[in-house]
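Just upload39.cif here, mmCIF, C-alpha atoms:
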```cif
data_work
loop_
_atom_site.label_atom_id
_atom_site.label_comp_id
_atom_site.auth_asym_id
_atom_site.auth_seq_id
_atom_site.Cartn_x
_atom_site.Cartn_y
_atom_site.Cartn_z
CA MET T 1 116.77 83.00 112.34
CA LEU T 2 117.93 85.03 115.30
CA ILE T 3 117.77 88.81 114.81
CA ARG T 4 119.56 91.34 116.94
CA VAL T 5 116.91 94.02 117.37
CA HIS T 6 117.97 97.51 116.36
CA ASP T 7 114.51 99.09 116.56
CA ALA T 8 110.98 97.86 117.28
CA GLY T 9 107.82 99.49 115.97
CA VAL T 10 104.88 100.12 118.31
CA ASN T 11 101.35 99.34 117.14
CA PRO T 12 97.87 99.62 118.70
CA PHE T 13 97.78 95.84 118.37
CA ASP T 14 100.55 95.63 120.97
CA CYS T 15 98.37 97.62 123.36
CA ALA T 16 95.43 95.31 122.65
CA VAL T 17 97.56 92.26 123.46
CA ARG T 18 98.74 93.85 126.71
CA ALA T 19 95.16 94.69 127.69
CA GLY T 20 93.95 91.14 126.99
CA TYR T 21 91.59 92.09 124.18
CA VAL T 22 92.90 89.42 121.79
CA ALA T 23 93.25 86.59 124.31
CA GLY T 24 90.69 84.43 122.48
CA TYR T 25 92.43 84.75 119.12
CA PHE T 26 96.12 84.15 119.90
CA GLN T 27 97.89 81.49 121.94
CA HIS T 28 99.95 83.66 124.26
CA THR T 29 101.84 82.27 127.24
CA LEU T 30 102.37 84.69 130.10
CA PRO T 31 104.63 86.36 130.95
CA MET T 32 105.40 87.40 127.40
CA VAL T 33 107.41 89.94 125.43
CA LEU T 34 105.26 92.31 123.37
CA GLY T 35 105.95 93.67 119.90
CA GLY T 36 105.66 92.56 116.29
CA ASP T 37 107.73 94.99 114.21
CA VAL T 38 111.49 94.74 114.02
CA SER T 39 114.39 96.04 112.00
CA GLY T 40 117.77 94.63 112.87
CA ILE T 41 120.76 92.52 111.99
CA ILE T 42 120.85 88.76 111.58
CA GLU T 43 122.83 87.14 114.38
CA ALA T 44 122.41 83.51 113.31
CA VAL T 45 120.41 81.42 110.83
CA GLY T 46 118.93 77.98 111.22
CA GLU T 47 119.67 74.87 109.22
CA GLY T 48 118.52 75.13 105.62
CA VAL T 49 118.44 78.94 105.49
CA THR T 50 120.43 79.93 102.40
CA GLU T 51 118.95 83.29 101.34
CA PHE T 52 120.29 85.14 104.38
CA GLU T 53 123.42 85.09 106.47
CA PRO T 54 124.66 86.66 109.70
CA GLY T 55 125.25 90.39 109.33
CA ASP T 56 122.41 91.01 106.87
CA GLU T 57 120.15 93.96 107.67
CA VAL T 58 116.53 92.80 107.65
CA TYR T 59 113.05 93.71 108.79
CA THR T 60 109.89 91.75 109.50
CA ARG T 61 106.79 91.28 111.59
CA ALA T 62 107.42 88.52 114.11
CA ASP T 63 104.97 85.67 114.77
CA LEU T 64 102.18 87.28 116.80
CA ASN T 65 101.65 84.09 118.79
CA ARG T 66 105.16 84.14 120.23
CA ASP T 67 107.35 86.44 122.30
CA GLY T 68 107.92 89.64 120.36
CA THR T 69 110.34 92.39 119.51
CA TYR T 70 110.52 94.66 122.57
CA ALA T 71 113.81 92.93 123.28
CA GLU T 72 117.46 92.76 122.34
CA TYR T 73 116.96 89.59 120.26
CA VAL T 74 114.03 87.85 118.60
CA THR T 75 113.65 84.55 116.74
CA VAL T 76 111.58 84.61 113.56
CA ARG T 77 110.76 82.40 110.58
CA ALA T 78 113.19 83.02 107.73
CA ALA T 79 110.29 82.92 105.24
CA ASP T 80 108.79 86.01 106.90
CA VAL T 81 111.95 88.10 106.63
CA ALA T 82 112.89 90.63 103.96
CA ARG T 83 115.97 92.74 103.48
CA LYS T 84 115.61 96.18 105.04
CA PRO T 85 114.88 98.93 102.51
CA ALA T 86 118.33 100.21 101.61
CA SER T 87 117.17 103.83 101.64
CA LEU T 88 115.87 103.69 105.22
CA ASP T 89 117.57 103.63 108.59
CA HIS T 90 116.48 100.97 111.07
CA ILE T 91 114.14 103.38 112.86
CA HIS T 92 112.00 103.99 109.79
CA ALA T 93 112.24 100.38 108.62
CA ALA T 94 110.87 99.24 112.00
CA ALA T 95 107.86 101.49 111.46
CA LEU T 96 106.76 99.63 108.34
CA PRO T 97 105.97 95.92 108.74
CA HIS T 98 102.64 95.67 110.59
CA VAL T 99 101.03 98.78 109.11
CA SER T 100 102.13 98.04 105.56
CA LEU T 101 100.98 94.43 105.81
CA THR T 102 97.62 95.64 107.15
CA ALA T 103 97.15 98.30 104.48
CA TRP T 104 98.20 95.86 101.78
CA GLY T 105 95.95 93.09 103.12
CA THR T 106 92.88 95.29 103.34
CA LEU T 107 93.18 97.34 100.16
CA TYR T 108 94.86 94.86 97.83
CA ASP T 109 94.05 91.35 99.10
CA THR T 110 90.51 91.99 100.40
CA ALA T 111 89.10 95.02 98.56
CA HIS T 112 91.06 94.39 95.34
CA LEU T 113 91.18 98.17 94.95
CA ALA T 114 91.34 99.25 91.32
CA ALA T 115 92.14 102.41 89.40
CA GLY T 116 89.24 104.83 89.25
CA GLN T 117 87.61 103.64 92.46
CA THR T 118 87.07 105.93 95.45
CA VAL T 119 88.29 104.90 98.89
CA LEU T 120 87.60 106.63 102.20
CA ILE T 121 90.34 106.05 104.79
CA HIS T 122 89.46 106.95 108.38
CA GLY T 123 92.39 107.95 110.55
CA ALA T 124 94.41 108.64 107.43
CA ALA T 125 97.26 110.28 109.36
CA GLY T 126 97.76 107.29 111.65
CA GLY T 127 100.02 104.28 111.33
CA VAL T 128 97.91 102.14 109.00
CA GLY T 129 96.17 105.14 107.49
CA HIS T 130 99.22 107.00 106.18
CA ILE T 131 100.53 103.88 104.45
CA ALA T 132 97.07 102.98 103.13
CA VAL T 133 96.77 106.42 101.51
CA GLN T 134 99.99 105.90 99.61
CA LEU T 135 99.17 102.34 98.52
CA ALA T 136 95.72 103.41 97.35
CA LYS T 137 97.20 106.21 95.27
CA LEU T 138 99.64 103.74 93.72
CA ARG T 139 96.62 101.74 92.51
CA GLY T 140 95.17 104.84 90.85
CA ALA T 141 92.29 105.27 93.30
CA LYS T 142 90.73 108.53 94.39
CA VAL T 143 91.53 108.84 98.10
CA ILE T 144 89.49 110.66 100.73
CA GLY T 145 91.08 110.82 104.17
CA THR T 146 89.76 111.91 107.55
CA ALA T 147 91.96 113.43 110.24
CA SER T 148 92.07 116.31 112.72
CA THR T 149 92.82 119.92 111.82
CA ARG T 150 96.53 119.68 112.60
CA ASN T 151 96.95 116.83 110.09
CA MET T 152 95.24 118.42 107.08
CA ASP T 153 98.52 119.53 105.50
CA PHE T 154 100.07 116.14 106.25
CA LEU T 155 97.25 114.38 104.38
CA ARG T 156 97.79 116.61 101.38
CA GLU T 157 101.51 115.81 101.46
CA LEU T 158 100.59 112.12 101.38
CA GLY T 159 98.55 112.75 98.25
CA VAL T 160 94.91 112.53 99.37
CA ASP T 161 92.46 113.97 96.87
CA GLN T 162 90.08 115.18 99.58
CA ALA T 163 91.10 115.83 103.19
CA VAL T 164 88.19 115.95 105.65
CA ASP T 165 88.64 117.55 109.07
CA TYR T 166 86.46 115.46 111.37
CA THR T 167 86.63 118.16 114.07
CA ALA T 168 84.96 120.67 111.75
CA VAL T 169 82.46 118.64 109.75
CA SER T 170 80.62 115.30 109.82
CA PHE T 171 82.20 113.28 107.04
CA GLU T 172 78.87 111.75 105.98
CA ASP T 173 77.59 115.24 105.15
CA VAL T 174 80.32 115.90 102.58
CA ILE T 175 81.13 112.45 101.17
CA GLN T 176 79.04 110.11 99.03
CA ASP T 177 79.28 107.30 96.45
CA VAL T 178 82.39 105.68 97.92
CA ASP T 179 83.48 102.26 96.64
CA VAL T 180 85.53 101.26 99.70
CA VAL T 181 85.71 102.47 103.29
CA LEU T 182 88.73 101.49 105.39
CA ASP T 183 87.74 101.90 109.04
CA THR T 184 90.64 102.20 111.50
CA ILE T 185 88.52 103.84 114.21
CA GLY T 186 85.42 101.71 114.91
CA GLY T 187 82.41 102.66 117.04
CA ASP T 188 80.33 105.62 115.90
CA CYS T 189 82.70 106.33 113.03
CA GLN T 190 82.02 102.90 111.59
CA ALA T 191 78.26 103.20 112.15
CA ARG T 192 78.12 106.46 110.19
CA SER T 193 80.24 105.05 107.36
CA TRP T 194 77.40 102.97 105.90
CA GLN T 195 75.83 106.21 104.65
CA VAL T 196 78.67 107.10 102.27
CA LEU T 197 78.88 103.80 100.38
CA LYS T 198 77.51 103.38 96.89
CA PRO T 199 75.37 100.26 96.20
CA GLY T 200 77.63 97.21 96.26
CA GLY T 201 80.37 99.11 98.07
CA LEU T 202 82.58 97.61 100.76
CA LEU T 203 83.01 98.61 104.40
CA MET T 204 86.18 97.09 105.84
CA SER T 205 87.31 97.45 109.44
CA ILE T 206 90.51 96.48 111.20
CA ILE T 207 88.95 97.33 114.58
CA GLN T 208 85.61 95.50 114.83
CA ALA T 209 83.48 93.37 112.53
CA PRO T 210 80.87 95.45 110.68
CA SER T 211 77.29 94.17 110.89
CA GLN T 212 76.43 91.63 108.19
CA GLU T 213 72.74 92.38 108.78
CA THR T 214 73.25 96.10 108.17
CA ALA T 215 75.33 95.41 105.07
CA GLU T 216 72.60 93.23 103.57
CA ALA T 217 69.91 95.78 104.40
CA ARG T 218 71.88 98.53 102.64
CA GLY T 219 72.90 96.44 99.65
CA VAL T 220 76.62 96.68 100.40
CA ARG T 221 79.37 94.37 101.62
CA GLN T 222 81.36 94.15 104.83
CA GLU T 223 84.65 92.58 105.92
CA PHE T 224 86.54 92.36 109.18
CA ALA T 225 89.87 92.61 107.39
CA THR T 226 93.29 91.52 108.60
CA ALA T 227 96.89 91.98 107.59
CA SER T 228 98.34 90.04 104.68
CA TYR T 229 99.78 86.70 105.75
CA ALA T 230 102.27 86.65 102.88
CA VAL T 231 104.67 88.45 105.20
CA GLY T 232 108.02 87.95 103.49
CA PRO T 233 106.83 88.44 99.88
CA VAL T 234 104.80 91.57 100.71
CA LEU T 235 107.62 93.13 102.72
CA ARG T 236 109.95 92.60 99.77
CA GLU T 237 107.50 94.50 97.57
CA ILE T 238 107.15 97.22 100.20
CA ALA T 239 110.94 97.59 100.35
CA ALA T 240 111.06 97.98 96.58
CA LEU T 241 108.38 100.69 96.70
CA VAL T 242 110.29 102.53 99.42
CA ASP T 243 113.60 102.36 97.63
CA SER T 244 112.02 103.61 94.40
CA GLY T 245 110.60 106.63 96.23
CA GLN T 246 106.95 105.59 95.92
CA LEU T 247 106.28 104.90 99.62
CA LYS T 248 107.48 106.71 102.73
CA PRO T 249 106.88 105.86 106.39
CA THR T 250 106.45 108.64 108.94
CA VAL T 251 107.82 108.33 112.48
CA SER T 252 106.48 110.82 115.02
CA ALA T 253 108.38 109.63 118.11
CA VAL T 254 111.45 107.55 118.94
CA LEU T 255 111.77 106.34 122.53
CA PRO T 256 114.28 104.08 124.29
CA LEU T 257 113.14 100.52 124.96
CA ASP T 258 112.69 101.15 128.67
CA GLN T 259 109.99 103.71 127.84
CA ALA T 260 107.65 101.16 126.26
CA GLN T 261 104.96 102.07 128.78
CA ARG T 262 105.07 105.71 127.67
CA ALA T 263 104.95 104.59 124.04
CA HIS T 264 101.77 102.63 124.74
CA LYS T 265 100.14 105.60 126.43
CA MET T 266 100.96 107.73 123.39
CA SER T 267 99.57 105.08 121.05
CA GLU T 268 96.38 104.74 123.08
CA SER T 269 95.73 108.47 122.74
CA ARG T 270 94.85 107.66 119.10
CA HIS T 271 96.27 110.97 117.96
CA THR T 272 99.70 109.80 116.80
CA ARG T 273 100.86 110.85 113.35
CA GLY T 274 102.47 107.89 111.62
CA LYS T 275 104.35 105.57 113.96
CA ILE T 276 106.12 105.36 117.32
CA VAL T 277 109.36 103.39 117.44
CA LEU T 278 111.34 101.92 120.35
CA GLN T 279 115.10 102.20 119.91
CA VAL T 280 117.08 99.27 121.26
CA ILE T 281 120.49 100.15 119.78
CA GLU T 282 121.41 103.85 119.72
#
```

Would you encode the structure as structure tokens?
Amino acid sequence: MLIRVHDAGVNPFDCAVRAGYVAGYFQHTLPMVLGGDVSGIIEAVGEGVTEFEPGDEVYTRADLNRDGTYAEYVTVRAADVARKPASLDHIHAAALPHVSLTAWGTLYDTAHLAAGQTVLIHGAAGGVGHIAVQLAKLRGAKVIGTASTRNMDFLRELGVDQAVDYTAVSFEDVIQDVDVVLDTIGGDCQARSWQVLKPGGLLMSIIQAPSQETAEARGVRQEFATASYAVGPVLREIAALVDSGQLKPTVSAVLPLDQAQRAHKMSESRHTRGKIVLQVIE
């Protein structure tokens, strides 16, 4: 289907594509249009599409191998599309797809998080992190989140059971016996995360593959986790959670489309609360 873009979400993945970091994993043809997240209005549907029609308000994550959503129009697979959460405007709907698919894929599809387990979410105030906190709580898990001082109150609003200020304390000194670690930071943060896992625990990263050798030596598991590929079905469930008041996206900045460069610089600072959105239609 052809979607008229109302708003497009900005993700660190977009910055990685622009910088060439994922060139070996995706079949991109240059020049290309960046962007995966979109909330908008259906302009036209292809042959055989019966669930949607022109004028419907929808949201999705576009095919990451093709031109993306920093545009006025984008073509997507109908199977990947879901109706926009009725309780959200297009700005907040555009903030959801990639981060909710990633949080869902890591916590639910990969970790199979269960009630009573403890999960540590690094960067819990960020795009993936703030959705992951809410999804983990919905599963009945105990949630520990790391963030900077200014985001401590925000983490508590999200529902974390223990908020850790990484600027004031080393998380490995105050956390132990964790079932699952969700690493959205990488580097030294990931290296220190092995120490907090209980035997048989799981270290997942969406940034870089954790060492299999280290995992085996420590008697734990590791995964380089990705977003759920059941795009349409998961986004329908996400929309239902939003509309029932159980999930809420946070948008920290809304910029016009022609300020995409500024949006990327903000994203690359790695200090954004929630999401940045590009507004195509005011």

Next item on the list: Go through T:Pro210, T:Gly105, T:Gly140, T:Pro12 one by one, measure the shortest atom-to-atom distance of each to Gln117 (chain T) using only C-alpha atoms, and give the residue with the smallest value.
Entry: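 Of T:Pro210, T:Gly105, T:Gly140, T:Pro12, the one nearest Gln117 (chain T), counting only C-alpha atoms, is T:Gly140.
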
Next item on the list: Go through the shown structure with the PyMOL selection byres ((chain T and resi 164-173) around 9) and write out the matching residues as a list in words.
Entry: Ile144, Gly145, Thr146, Ala147, Ser148, Thr149, Arg150, Asn151, Met152, Gln162, Ala163, Val174, Ile175, Gln176, Arg192, Ser193, Trp194, Gln195 and Val196 of chain T

Residues just named, written with C-alpha atoms as a PDB file, keeping the file's coordinate frame:
```pdb
ATOM      1  CA  ILE T 144      89.490 110.660 100.730  1.00  0.00           C
ATOM      2  CA  GLY T 145      91.080 110.820 104.170  1.00  0.00           C
ATOM      3  CA  THR T 146      89.760 111.910 107.550  1.00  0.00           C
ATOM      4  CA  ALA T 147      91.960 113.430 110.240  1.00  0.00           C
ATOM      5  CA  SER T 148      92.070 116.310 112.720  1.00  0.00           C
ATOM      6  CA  THR T 149      92.820 119.920 111.820  1.00  0.00           C
ATOM      7  CA  ARG T 150      96.530 119.680 112.600  1.00  0.00           C
ATOM      8  CA  ASN T 151      96.950 116.830 110.090  1.00  0.00           C
ATOM      9  CA  MET T 152      95.240 118.420 107.080  1.00  0.00           C
ATOM     10  CA  GLN T 162      90.080 115.180  99.580  1.00  0.00           C
ATOM     11  CA  ALA T 163      91.100 115.830 103.190  1.00  0.00           C
ATOM     12  CA  VAL T 174      80.320 115.900 102.580  1.00  0.00           C
ATOM     13  CA  ILE T 175      81.130 112.450 101.170  1.00  0.00           C
ATOM     14  CA  GLN T 176      79.040 110.110  99.030  1.00  0.00           C
ATOM     15  CA  ARG T 192      78.120 106.460 110.190  1.00  0.00           C
ATOM     16  CA  SER T 193      80.240 105.050 107.360  1.00  0.00           C
ATOM     17  CA  TRP T 194      77.400 102.970 105.900  1.00  0.00           C
ATOM     18  CA  GLN T 195      75.830 106.210 104.650  1.00  0.00           C
ATOM     19  CA  VAL T 196      78.670 107.100 102.270  1.00  0.00           C
TER      20      VAL T 196
END
```

Margin query: Quick check on the file I pasted: which residues fall under the PyMOL selection byres ((chain T and resi 207) around 10)? Write them as a PyMOL selection string.
Written below: chain T and resi 13+183-187+190+204-206+208-210+224-226

Notebook entry, point to check: Expanded to explicit residues, what is the PyMOL selection byres ((chain T and resi 58-73) around 9) for this file, as number ranges by chain?
Noted result: T: 2-10, 26-29, 32-43, 56-57, 74-77, 80-85, 90, 93-94, 96-98, 101, 231-232, 235, 257, 260, 278, 280-281

Return as lines of an AutoDock Vina configuration file the centre and edge lengths, in Å with one decimal, of the box along x, y and z that encloses every atom of region 142-146 of chain T in the file, padded by 3 Å per side.
```
center_x = 90.5
center_y = 110.2
center_z = 101.0
size_x = 8.0
size_y = 9.4
size_z = 19.2
```

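Distances here use all atoms listed in the file; by that measure, the residue among T:Leu135, T:Ile91, T:Ala16, T:Ile121 closest to Lys265 (chain T) is T:Ala16.
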
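Rounded to one decimal, CA of Leu113 (chain T) and CA of Asp153 (chain T) lie 24.9 Å from each other.
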
Check: Using only C-alpha atoms, which residue out of T:His264, T:Leu138, T:Val49, T:Leu241 lies closest to Arg18 (chain T)?
Finding: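 The closest residue to Arg18 (chain T) is T:His264.
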
Margin query: Need to verify the contact set: Lys137 (chain T), 12 Å, only C-alpha atoms, exclusion of same-chain residues closer than 5 positions in sequence. Can you return it as a list in words?
Written below: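 Counting only C-alpha atoms, the residues come to Leu107, Tyr108, Leu113, Ala114, Ala115, Gly116, Gln117, Thr118, Val119, Leu120, Ile121, His130, Ile131, Ala132, Lys142, Val143, Ile144, Gly145, Leu158, Gly159, Val160, Asp161, Gln246 and Leu247 of chain T.
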
Item checked: For Ser269 (chain T), the nearest of the candidates T:Cys15, T:Lys198, T:Val181, T:Ser244, counting only C-alpha atoms ->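 That would be T:Cys15, the residue with the smallest distance to Ser269 (chain T).
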
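Coordinates place CA of Arg270 (chain T) at a distance of 20.9 Å from CA of Leu203 (chain T).
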
Checklist line | Closest of T:Met1, T:Leu30, T:Thr272, T:Gly126 to Gly55 (chain T) - atom-to-atom distances counting all atoms listed in the file | finding: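 Nearest candidate to Gly55 (chain T) out of T:Met1, T:Leu30, T:Thr272, T:Gly126: T:Met1.
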
Checklist line | Distance in Å - CA of Ile276 (chain T) versus CA of Ala263 (chain T) | finding: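 Interatomic distance, CA of Ile276 (chain T) to CA of Ala263 (chain T): 6.9 Å.
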
Note to self: Given all atoms listed in the file as the basis, pick out the residue of T:Gln222, T:Gln212, T:Gln261, T:Ser228 nearest to Ser100 (chain T).
What the structure shows: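 Using all atoms listed in the file, the shortest distance to Ser100 (chain T) belongs to T:Ser228.
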
Close residues, Leu88 (chain T) itself excluded, 10 Å, all atoms listed in the file, min 6 positions apart in chain, as a JSON list (two decimals) with C-alpha atoms, in the frame of the given file:
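What landed in around_22.json:
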```json
[["chain", "number", "residue", "atom", "x", "y", "z"],
["T", 94, "ALA", "CA", 110.87, 99.24, 112.00],
["T", 239, "ALA", "CA", 110.94, 97.59, 100.35],
["T", 242, "VAL", "CA", 110.29, 102.53, 99.42],
["T", 243, "ASP", "CA", 113.60, 102.36, 97.63],
["T", 248, "LYS", "CA", 107.48, 106.71, 102.73],
["T", 249, "PRO", "CA", 106.88, 105.86, 106.39]]
```
